[in-house]
>>> print(open('target_25.txt').read())   # compact mmCIF, C-alpha atoms (C1' of nucleotides)
# COMPACT_ATOMS: atom_id res chain seq x y z
CA MET A 5 65.96 140.92 92.83
CA THR A 6 65.27 137.35 91.89
CA VAL A 7 68.60 136.92 90.19
CA MET A 8 70.58 138.14 93.12
CA SER A 9 68.66 136.22 95.77
CA ILE A 10 68.66 133.04 93.76
CA GLN A 11 72.38 133.29 93.26
CA SER A 12 73.02 134.04 96.88
CA ARG A 13 70.83 131.13 97.94
CA ARG A 14 72.84 128.87 95.70
CA GLU A 15 76.08 130.12 97.06
CA ARG A 16 74.77 129.62 100.57
CA GLU A 17 73.76 126.07 99.80
CA ARG A 18 77.10 125.40 98.23
CA ALA A 19 78.88 126.72 101.28
CA GLU A 20 76.73 124.56 103.52
CA ARG A 21 77.56 121.49 101.50
CA GLU A 22 81.23 122.33 101.68
CA ARG A 23 81.00 122.48 105.46
CA LEU A 24 79.18 119.18 105.34
CA ILE A 25 82.07 117.61 103.45
CA VAL A 26 84.73 118.94 105.80
CA THR A 27 82.78 117.92 108.87
CA ALA A 28 82.11 114.45 107.52
CA ALA A 29 85.78 114.01 106.66
CA ARG A 30 86.81 115.15 110.09
CA GLU A 31 84.37 112.93 111.96
CA LEU A 32 85.20 109.94 109.83
CA ALA A 33 88.92 110.48 110.35
CA GLU A 34 88.53 110.93 114.10
CA SER A 35 86.37 107.85 114.52
CA GLU A 36 87.99 105.42 112.09
CA GLY A 37 91.28 106.97 111.06
CA TRP A 38 92.35 108.57 107.79
CA ASP A 39 92.58 105.21 106.06
CA ALA A 40 88.80 105.01 106.26
CA VAL A 41 88.41 108.40 104.62
CA THR A 42 88.13 107.39 100.97
CA THR A 43 86.38 109.55 98.42
CA ARG A 44 83.68 106.89 97.97
CA ARG A 45 83.04 106.59 101.68
CA LEU A 46 82.96 110.35 102.06
CA ALA A 47 80.52 110.70 99.18
CA GLU A 48 78.27 108.10 100.75
CA GLU A 49 78.43 109.91 104.07
CA ILE A 50 77.29 113.23 102.61
CA GLU A 51 74.76 111.49 100.35
CA TYR A 52 76.18 112.82 97.10
CA SER A 53 78.23 111.16 94.43
CA GLN A 54 82.01 111.26 94.36
CA PRO A 55 82.46 113.92 91.67
CA VAL A 56 80.66 116.44 93.84
CA LEU A 57 83.69 116.43 96.13
CA TYR A 58 85.82 117.58 93.24
CA SER A 59 83.54 120.53 92.49
CA HIS A 60 84.43 121.85 95.94
CA PHE A 61 88.02 120.73 96.36
CA LYS A 62 90.88 120.27 93.96
CA ASP A 63 91.68 116.84 95.34
CA LYS A 64 91.54 114.78 98.51
CA GLY A 65 94.53 116.64 99.91
CA ALA A 66 92.58 119.89 99.81
CA ILE A 67 89.81 118.33 101.89
CA MET A 68 92.37 117.17 104.41
CA ALA A 69 93.90 120.63 104.47
CA ALA A 70 90.49 122.10 105.26
CA VAL A 71 90.11 119.67 108.14
CA ALA A 72 93.57 120.62 109.31
CA VAL A 73 92.71 124.31 109.47
CA GLU A 74 89.57 123.53 111.44
CA GLY A 75 91.45 121.27 113.82
CA CYS A 76 94.09 123.90 114.28
CA ALA A 77 91.51 126.28 115.65
CA ASP A 78 90.59 123.66 118.24
CA LEU A 79 94.21 123.22 119.17
CA ALA A 80 94.69 126.97 119.50
CA ALA A 81 91.63 127.20 121.73
CA GLU A 82 92.84 124.45 124.02
CA LEU A 83 96.32 125.93 124.25
CA HIS A 84 94.83 129.33 125.02
CA ALA A 85 92.63 127.91 127.76
CA ALA A 86 95.59 126.11 129.32
CA ARG A 87 97.82 129.17 129.12
CA THR A 88 95.38 131.61 130.67
CA ALA A 89 94.24 129.22 133.40
CA ALA A 90 97.72 128.51 134.73
CA GLY A 91 99.66 130.53 137.24
CA PRO A 92 102.76 132.30 135.92
CA GLN A 93 105.15 129.58 137.07
CA GLN A 94 103.16 126.76 135.50
CA VAL A 95 102.34 128.25 132.11
CA LEU A 96 104.84 126.25 130.10
CA ALA A 97 103.98 122.99 131.82
CA ALA A 98 100.27 123.58 131.35
CA VAL A 99 100.57 124.45 127.68
CA GLY A 100 102.95 121.59 127.00
CA ALA A 101 100.59 119.15 128.69
CA ALA A 102 97.63 120.54 126.76
CA TYR A 103 99.53 120.14 123.50
CA ALA A 104 100.43 116.54 124.28
CA ALA A 105 96.88 115.79 125.40
CA PHE A 106 95.49 117.12 122.14
CA ALA A 107 97.84 114.91 120.13
CA GLU A 108 97.00 111.92 122.27
CA GLN A 109 93.24 112.30 122.28
CA ARG A 110 92.76 113.39 118.69
CA PRO A 111 95.53 111.69 116.75
CA ALA A 112 93.83 111.92 113.36
CA LEU A 113 93.40 115.63 113.71
CA TYR A 114 96.94 116.09 114.97
CA ASP A 115 98.38 114.09 112.10
CA VAL A 116 96.59 115.98 109.39
CA ILE A 117 97.79 119.24 110.85
CA PHE A 118 101.39 118.34 111.46
CA THR A 119 102.43 115.30 109.49
CA HIS A 120 100.10 114.54 106.56
CA ALA A 121 98.86 117.40 104.40
CA VAL A 122 101.66 119.47 102.96
CA ASP A 123 99.80 121.92 100.73
CA LEU A 124 99.30 124.47 103.47
CA PRO A 125 101.54 127.52 103.87
CA PHE A 126 103.11 127.31 107.29
CA ALA A 127 105.88 129.47 108.59
CA THR A 128 104.82 132.50 106.53
CA PRO A 129 102.32 135.35 106.85
CA GLN A 130 100.07 133.45 104.42
CA ALA A 131 99.60 130.66 106.94
CA PRO A 132 96.01 130.16 108.11
CA ALA A 133 95.04 132.37 111.02
CA ALA A 134 94.19 129.40 113.25
CA LEU A 135 97.65 128.04 112.74
CA GLN A 136 99.31 131.32 113.60
CA ALA A 137 97.08 131.50 116.65
CA ALA A 138 98.21 128.09 117.87
CA PHE A 139 101.84 129.04 117.34
CA GLY A 140 101.15 132.33 119.09
CA GLU A 141 99.96 130.55 122.20
CA LEU A 142 103.21 128.67 122.40
CA ARG A 143 105.15 131.86 121.79
CA GLU A 144 103.39 133.73 124.58
CA SER A 145 104.02 130.85 126.94
CA LEU A 146 107.72 131.09 126.22
CA ARG A 147 108.07 134.88 126.11
CA PRO A 148 108.88 135.28 129.83
CA LEU A 149 111.58 132.62 129.48
CA ALA A 150 113.26 133.84 126.32
CA LYS A 151 116.03 135.95 127.83
CA ASP A 152 118.64 136.48 125.13
CA ASP A 153 117.28 133.80 122.78
CA ASN A 154 115.26 134.81 119.76
CA LEU A 155 111.63 134.20 120.71
CA ASP A 156 110.56 132.67 117.41
CA VAL A 157 113.51 130.34 117.26
CA LEU A 158 112.95 129.34 120.86
CA THR A 159 109.27 128.67 120.22
CA GLU A 160 109.96 126.59 117.14
CA THR A 161 112.51 124.53 118.99
CA PHE A 162 110.28 123.88 121.98
CA TRP A 163 107.44 123.06 119.63
CA SER A 164 109.71 120.58 117.85
CA GLY A 165 110.41 118.91 121.16
CA LEU A 166 106.72 118.48 121.87
CA HIS A 167 106.08 117.28 118.34
CA GLY A 168 108.86 114.71 118.56
CA LEU A 169 107.61 113.42 121.89
CA VAL A 170 104.06 112.87 120.74
CA THR A 171 104.79 111.49 117.28
CA LEU A 172 107.48 109.07 118.42
CA MET A 173 105.29 107.86 121.24
CA ARG A 174 102.19 107.44 119.16
CA ASN A 175 103.75 105.10 116.64
CA GLY A 176 105.50 102.98 119.21
CA ARG A 177 109.00 104.42 119.16
CA LEU A 178 108.85 105.51 122.79
CA ARG A 179 107.57 103.67 125.83
CA ARG A 180 104.26 105.18 126.75
CA GLU A 181 104.73 104.86 130.50
CA ASP A 182 107.61 107.32 130.59
CA HIS A 183 105.73 110.03 128.75
CA GLU A 184 105.19 112.24 131.80
CA ARG A 185 108.84 112.08 132.76
CA ARG A 186 109.99 113.04 129.27
CA LEU A 187 107.51 115.89 129.10
CA ALA A 188 108.62 117.17 132.49
CA LEU A 189 112.25 116.98 131.45
CA LEU A 190 111.62 118.89 128.23
CA ILE A 191 109.76 121.59 130.09
CA ALA A 192 112.47 121.83 132.71
CA ARG A 193 115.09 122.33 130.01
CA PHE A 194 113.08 125.16 128.49
CA SER A 195 112.15 126.83 131.75
CA ARG A 196 114.66 129.32 133.06
CA MET B 12 125.92 64.84 99.67
CA THR B 13 124.10 66.06 96.61
CA VAL B 14 120.93 66.66 98.56
CA MET B 15 122.59 68.81 101.15
CA SER B 16 124.63 70.92 98.75
CA ILE B 17 121.71 71.44 96.42
CA GLN B 18 119.56 72.56 99.29
CA SER B 19 122.22 74.84 100.64
CA ARG B 20 122.80 76.33 97.20
CA ARG B 21 119.09 77.04 96.95
CA GLU B 22 119.03 78.62 100.34
CA ARG B 23 121.99 80.74 99.40
CA GLU B 24 120.32 81.87 96.21
CA ARG B 25 117.15 82.65 98.11
CA ALA B 26 119.09 84.74 100.60
CA GLU B 27 120.80 86.57 97.76
CA ARG B 28 117.50 87.35 96.14
CA GLU B 29 116.15 88.61 99.43
CA ARG B 30 119.07 91.01 99.69
CA LEU B 31 118.37 92.02 96.11
CA ILE B 32 114.80 92.92 97.01
CA VAL B 33 115.76 94.96 100.05
CA THR B 34 118.51 96.76 98.19
CA ALA B 35 116.25 97.53 95.25
CA ALA B 36 113.54 98.85 97.57
CA ARG B 37 116.04 101.01 99.37
CA GLU B 38 117.60 102.46 96.25
CA LEU B 39 114.24 103.09 94.65
CA ALA B 40 112.98 104.82 97.77
CA GLU B 41 116.09 106.94 98.11
CA SER B 42 116.07 108.02 94.48
CA GLU B 43 112.36 108.48 93.82
CA GLY B 44 110.66 108.37 97.21
CA TRP B 45 108.49 105.70 98.80
CA ASP B 46 105.54 106.53 96.58
CA ALA B 47 107.53 105.09 93.69
CA VAL B 48 108.14 101.85 95.55
CA THR B 49 105.18 99.80 94.37
CA THR B 50 105.21 96.03 94.32
CA ARG B 51 104.99 96.05 90.54
CA ARG B 52 107.87 98.46 90.17
CA LEU B 53 109.95 96.54 92.67
CA ALA B 54 109.27 93.26 90.86
CA GLU B 55 110.33 94.81 87.59
CA GLU B 56 113.50 96.13 89.20
CA ILE B 57 114.59 92.72 90.47
CA GLU B 58 113.42 91.01 87.25
CA TYR B 59 110.98 88.68 88.93
CA SER B 60 107.22 88.72 89.10
CA GLN B 61 105.27 90.29 91.95
CA PRO B 62 104.36 87.10 93.85
CA VAL B 63 108.03 86.36 94.39
CA LEU B 64 108.13 89.30 96.78
CA TYR B 65 105.49 87.61 98.89
CA SER B 66 107.47 84.39 99.13
CA HIS B 67 110.14 86.38 100.96
CA PHE B 68 108.11 88.92 102.89
CA LYS B 69 104.68 88.82 104.47
CA ASP B 70 103.68 92.10 102.86
CA LYS B 71 105.08 95.39 101.63
CA GLY B 72 105.42 96.65 105.19
CA ALA B 73 107.85 93.84 105.96
CA ILE B 74 110.05 94.92 103.04
CA MET B 75 110.04 98.46 104.34
CA ALA B 76 110.90 97.22 107.81
CA ALA B 77 113.90 95.37 106.38
CA VAL B 78 115.05 98.57 104.68
CA ALA B 79 114.56 100.40 107.96
CA VAL B 80 116.82 98.02 109.85
CA GLU B 81 119.50 98.39 107.18
CA GLY B 82 119.22 102.16 107.22
CA CYS B 83 119.41 102.18 110.96
CA ALA B 84 122.82 100.58 110.82
CA ASP B 85 123.96 103.43 108.58
CA LEU B 86 122.57 105.97 110.99
CA ALA B 87 124.27 104.29 113.93
CA ALA B 88 127.57 104.28 112.05
CA GLU B 89 127.37 107.97 111.24
CA LEU B 90 126.42 108.88 114.79
CA HIS B 91 129.28 106.78 116.10
CA ALA B 92 131.76 108.46 113.76
CA ALA B 93 130.55 111.89 114.81
CA ARG B 94 130.66 111.05 118.49
CA THR B 95 134.14 109.59 118.51
CA ALA B 96 135.63 112.28 116.28
CA ALA B 97 134.49 115.20 118.43
CA GLY B 98 136.23 116.65 121.41
CA PRO B 99 134.51 116.16 124.79
CA GLN B 100 132.87 119.60 124.74
CA GLN B 101 131.47 119.22 121.24
CA VAL B 102 130.10 115.68 121.40
CA LEU B 103 126.45 116.60 121.67
CA ALA B 104 126.63 119.23 118.95
CA ALA B 105 128.47 116.88 116.63
CA VAL B 106 126.07 114.00 117.15
CA GLY B 107 123.03 116.26 116.85
CA ALA B 108 124.34 117.72 113.62
CA ALA B 109 125.09 114.25 112.26
CA TYR B 110 121.57 113.12 113.11
CA ALA B 111 120.04 116.12 111.38
CA ALA B 112 122.30 115.68 108.37
CA PHE B 113 121.25 112.06 108.02
CA ALA B 114 117.58 113.02 108.07
CA GLU B 115 118.19 115.81 105.59
CA GLN B 116 120.28 113.87 103.12
CA ARG B 117 118.42 110.58 103.22
CA PRO B 118 114.81 111.49 103.93
CA ALA B 119 113.33 108.27 102.57
CA LEU B 120 115.54 106.20 104.81
CA TYR B 121 114.85 108.40 107.79
CA ASP B 122 111.10 108.22 107.26
CA VAL B 123 110.94 104.47 107.02
CA ILE B 124 112.89 104.15 110.23
CA PHE B 125 111.06 106.74 112.30
CA THR B 126 107.70 107.59 110.82
CA HIS B 127 106.41 104.96 108.38
CA ALA B 128 106.81 101.29 109.26
CA VAL B 129 105.27 100.36 112.56
CA ASP B 130 105.75 96.61 112.69
CA LEU B 131 109.18 96.81 114.29
CA PRO B 132 109.70 96.41 118.02
CA PHE B 133 111.27 99.60 119.28
CA ALA B 134 111.78 100.53 122.89
CA THR B 135 112.21 96.93 124.02
CA PRO B 136 115.03 94.39 124.17
CA GLN B 137 113.55 92.76 121.03
CA ALA B 138 114.33 95.85 118.98
CA PRO B 139 116.82 95.29 116.14
CA ALA B 140 120.43 95.58 117.19
CA ALA B 141 121.12 98.40 114.72
CA LEU B 142 118.35 100.42 116.26
CA GLN B 143 119.64 99.90 119.77
CA ALA B 144 123.08 100.86 118.53
CA ALA B 145 121.81 104.15 117.13
CA PHE B 146 120.01 104.92 120.35
CA GLY B 147 123.13 103.92 122.26
CA GLU B 148 125.19 106.50 120.41
CA LEU B 149 122.79 109.21 121.52
CA ARG B 150 122.84 107.86 125.07
CA GLU B 151 126.61 107.89 125.28
CA SER B 152 126.69 111.43 123.97
CA LEU B 153 124.38 112.52 126.77
CA ARG B 154 125.86 110.44 129.58
CA PRO B 155 128.32 113.11 130.76
CA LEU B 156 125.47 115.62 130.87
CA ALA B 157 122.87 113.54 132.67
CA LYS B 158 123.51 114.66 136.26
CA ASP B 159 120.47 113.69 138.28
CA ASP B 160 118.23 113.00 135.29
CA ASN B 161 117.55 109.42 134.25
CA LEU B 162 119.81 108.78 131.27
CA ASP B 163 117.26 106.90 129.18
CA VAL B 164 114.57 109.48 129.73
CA LEU B 165 117.01 112.25 128.93
CA THR B 166 118.13 110.50 125.76
CA GLU B 167 114.58 109.89 124.59
CA THR B 168 113.67 113.51 125.19
CA PHE B 169 116.69 114.89 123.35
CA TRP B 170 116.04 112.43 120.54
CA SER B 171 112.46 113.68 120.36
CA GLY B 172 113.72 117.21 120.00
CA LEU B 173 115.93 116.25 117.08
CA HIS B 174 113.16 114.23 115.51
CA GLY B 175 110.72 117.10 115.81
CA LEU B 176 113.19 119.55 114.27
CA VAL B 177 113.90 117.43 111.22
CA THR B 178 110.39 116.20 110.54
CA LEU B 179 108.73 119.58 110.94
CA MET B 180 111.33 121.19 108.74
CA ARG B 181 111.24 118.58 106.04
CA ASN B 182 107.55 118.92 105.39
CA GLY B 183 107.53 122.67 105.40
CA ARG B 184 106.38 123.43 108.93
CA LEU B 185 109.59 125.22 109.85
CA ARG B 186 111.59 127.76 107.90
CA ARG B 187 114.64 126.03 106.60
CA GLU B 188 116.99 128.96 107.02
CA ASP B 189 116.70 128.94 110.82
CA HIS B 190 117.57 125.29 111.14
CA GLU B 191 121.06 125.88 112.49
CA ARG B 192 119.82 128.29 115.13
CA ARG B 193 117.14 125.89 116.32
CA LEU B 194 119.60 123.03 116.46
CA ALA B 195 122.08 125.12 118.41
CA LEU B 196 119.39 126.19 120.84
CA LEU B 197 118.24 122.61 121.43
CA ILE B 198 121.79 121.49 122.07
CA ALA B 199 122.41 124.39 124.41
CA ARG B 200 119.36 123.46 126.44
CA PHE B 201 120.59 119.90 126.80
CA SER B 202 124.23 120.79 127.50
CA ARG B 203 125.34 121.72 130.98
C1' DT C 23 56.44 126.75 76.58
C1' DC C 24 60.92 126.35 74.90
C1' DC C 25 65.85 127.02 75.29
C1' DT C 26 70.17 127.38 77.91
C1' DT C 27 72.98 126.75 81.56
C1' DT C 28 74.13 124.74 85.43
C1' DT C 29 74.35 120.55 88.43
C1' DG C 30 75.02 115.98 89.57
C1' DC C 31 75.24 111.23 88.19
C1' DT C 32 76.82 106.85 85.97
C1' DA C 33 80.49 104.59 84.33
C1' DG C 34 85.07 103.98 83.69
C1' DC C 35 90.48 104.61 83.74
C1' DA C 36 94.85 103.59 85.56
C1' DG C 37 97.10 102.20 89.39
C1' DC C 38 97.48 100.01 94.09
C1' DG C 39 98.47 95.64 97.42
C1' DC C 40 97.80 91.03 97.28
C1' DT C 41 96.58 86.00 95.81
C1' DA C 42 94.48 81.77 93.46
C1' DG C 43 95.36 78.67 90.04
C1' DA C 44 97.90 77.27 86.03
C1' DT C 45 102.66 76.19 84.17
C1' DG C 46 107.10 74.77 83.60
C1' DC C 47 111.47 73.26 85.28
C1' DG C 48 114.69 70.54 88.03
C1' DA C 49 115.67 66.64 90.98
C1' DG C 50 115.40 61.82 92.18
C1' DA C 51 113.78 56.90 90.96
C1' DG C 52 113.68 53.14 87.98
C1' DC D 3 118.01 57.97 79.64
C1' DT D 4 113.35 58.58 80.75
C1' DC D 5 109.47 59.26 83.58
C1' DT D 6 107.22 61.32 87.39
C1' DC D 7 106.60 64.20 91.09
C1' DG D 8 107.05 68.42 93.68
C1' DC D 9 108.41 72.86 94.09
C1' DA D 10 109.28 77.42 92.23
C1' DT D 11 107.46 80.83 89.40
C1' DC D 12 104.26 83.29 86.41
C1' DT D 13 99.82 84.87 84.44
C1' DA D 14 95.68 86.69 85.42
C1' DG D 15 92.57 88.73 88.25
C1' DC D 16 90.11 90.60 92.70
C1' DG D 17 88.71 94.48 95.23
C1' DC D 18 90.17 98.64 96.34
C1' DT D 19 92.13 103.59 95.56
C1' DG D 20 91.93 108.75 93.61
C1' DC D 21 90.10 110.96 89.90
C1' DT D 22 87.37 112.33 85.43
C1' DA D 23 84.80 112.26 80.84
C1' DG D 24 80.44 112.47 79.14
C1' DC D 25 75.65 112.14 79.64
C1' DA D 26 71.02 113.13 81.96
C1' DA D 27 68.12 115.95 84.49
C1' DA D 28 66.72 119.88 86.75
C1' DA D 29 66.38 124.82 87.20
C1' DG D 30 66.22 129.63 85.54
C1' DG D 31 65.17 133.15 81.90
C1' DA D 32 62.67 134.68 77.74
>>> encode(input="target_25.txt", output="structure tokens")
Amino acid sequence: MTVMSIQSRRERERAERERLIVTAARELAESEGWDAVTTRRLAEEIEYSQPVLYSHFKDKGAIMAAVAVEGCADLAAELHAARTAAGPQQVLAAVGAAYAAFAEQRPALYDVIFTHAVDLPFATPQAPAALQAAFGELRESLRPLAKDDNLDVLTETFWSGLHGLVTLMRNGRLRREDHERRLALLIARFSR
Amino acid sequence: MTVMSIQSRRERERAERERLIVTAARELAESEGWDAVTTRRLAEEIEYSQPVLYSHFKDKGAIMAAVAVEGCADLAAELHAARTAAGPQQVLAAVGAAYAAFAEQRPALYDVIFTHAVDLPFATPQAPAALQAAFGELRESLRPLAKDDNLDVLTETFWSGLHGLVTLMRNGRLRREDHERRLALLIARFSR
DNA sequence: TCCTTTTGCTAGCAGCGCTAGATGCGAGAG
DNA sequence: CTCTCGCATCTAGCGCTGCTAGCAAAAGGA
């Protein structure tokens, strides 16, 4: 009895600490940007020494990947809310706007999902469930508009359009004040 | 006389060395990626010491910006060639394919232009001429298709679509084998 | 109580961007 | 031709990064 319960307690504590690390990384990134997320700073934040991080994660990239998966669940939830709240004619516009809003309001999270960390499986069945869920929301928004186009290809292409809009705008390549017009145009081109 | 010619010789040599730096940075980035472009490595490559770099450029970002401007001229040239070689019905497809090919074949150059360096003015009249030229090629390709849409907004949106396609694909977010289908779909949605 | 294993820490490596201060070379004056 | 001055360049080093080897301490089992 003792052996088992002691072991399980340890595993529980370990899991809690792992959550602590991911949460700290995420909050630090969201409040001060990924540049501020150094292993020393993170260790200080969780009140352990640096090497502890490496007993949970292979390297810093793995921590970022964990944050990405978490953030992806948030994105999926927001897309789902937007999709189900909108009337049938406005689904694509609502989901597109929700996607852009997420990227705008939580840039650190968006970046770690879609531009930074590479060591996540993406367009395969092994991709994290949250990620497939987010993609699924986009796909369902486009399903009524697919006609003779392949739904997955259509979804990926529309998604690329959104991704291009938000990334180019966020690092100063596109004038911010025309964002709404560009978004509307993209949606118009993918509606009907 | 001596004073002037000595000074001008020095200025000429300085300018040559500046070109040397930019070229070395570009070649190093293209052959081994930007991670390999460290100030030490770059100094070694040009056979000067590190501080020399800082007598030409404010910091490493400024060197990257210089490479970006150079690369942008290449991009503009390739887009121009594609646009002028294609028949009127195939302009958009040709230019889109040329854009994607550039991103695919010269990823380091593409990244420094469109994702890395931020200290370049972009969507303003102060933007480098090469950059405006590249954007202009896209704009001219879309002009016949603009109809009642604002041409600049249309161009920026189409550009975003291309940018999203290539960036998401290059870091593993999109299956490579469907690239052609996605590109064709994007072009179809912006034609007519 | 003693031993073993596990856990976390201190200290340090190699590399980064960047810079202060020393050094040597070239140009102009006498 | 020589001396001096100023500028161009280099050496050395700062503070930071991600990451790890090796030791200390705590915890569990006999």
>>> closest_atom_pairs(input="target_25.txt", of="chain D", to="chain A", cutoff="12 Å", atoms="all atoms listed in the file", output="CSV")
residue,atom,partner,partner_atom,distance
D:DC18,C1',A:Thr42,CA,10.1
D:DT19,C1',A:Thr42,CA,7.7
D:DG20,C1',A:Thr43,CA,7.4
D:DC21,C1',A:Asp63,CA,8.2
D:DT22,C1',A:Pro55,CA,8.1
D:DA23,C1',A:Pro55,CA,11.2
D:DA29,C1',A:Ile10,CA,10.8
D:DG30,C1',A:Val7,CA,9.0
D:DG31,C1',A:Val7,CA,9.7
>>> residues_around(input="target_25.txt", residues="DA10 (chain D)", least_positions_apart="2", cutoff="12 Å", atoms="all atoms listed in the file", output="PDB file with C-alpha atoms (C1' of nucleotides), keeping the file's coordinate frame")
ATOM      1  CA  ARG B  21     119.090  77.040  96.950  1.00  0.00           C
ATOM      2  CA  ARG B  25     117.150  82.650  98.110  1.00  0.00           C
ATOM      3  CA  TYR B  59     110.980  88.680  88.930  1.00  0.00           C
ATOM      4  CA  SER B  60     107.220  88.720  89.100  1.00  0.00           C
ATOM      5  CA  PRO B  62     104.360  87.100  93.850  1.00  0.00           C
ATOM      6  CA  VAL B  63     108.030  86.360  94.390  1.00  0.00           C
ATOM      7  CA  SER B  66     107.470  84.390  99.130  1.00  0.00           C
TER       8      SER B  66
ATOM      9  C1'  DT C  45     102.660  76.190  84.170  1.00  0.00           C
ATOM     10  C1'  DG C  46     107.100  74.770  83.600  1.00  0.00           C
ATOM     11  C1'  DC C  47     111.470  73.260  85.280  1.00  0.00           C
ATOM     12  C1'  DG C  48     114.690  70.540  88.030  1.00  0.00           C
TER      13       DG C  48
ATOM     14  C1'  DG D   8     107.050  68.420  93.680  1.00  0.00           C
ATOM     15  C1'  DC D  12     104.260  83.290  86.410  1.00  0.00           C
TER      16       DC D  12
END
>>> interface_residues(input="target_25.txt", of="chain B", to="chain A", cutoff="8 Å", atoms="all atoms listed in the file", output="JSON, numbers by chain")
{"B": [125, 126, 129, 132, 133, 134, 164, 165, 167, 168, 169, 170, 171, 172, 173, 174, 175, 176, 179, 182, 183, 184, 185, 186, 189, 192, 193, 194, 196, 197, 200, 201]}
>>> atom_distance(input="target_25.txt", atom1="C1' of DT32 (chain C)", atom2="CA of Asp39 (chain A)")
25.6 Å
>>> closest_residue(input="target_25.txt", among="D:DA32, D:DA26, D:DA14, D:DC7", to="DT41 (chain C)", atoms="all atoms listed in the file")
D:DA14
>>> atom_distance(input="target_25.txt", atom1="CA of Val123 (chain B)", atom2="CA of Val48 (chain B)")
12.1 Å
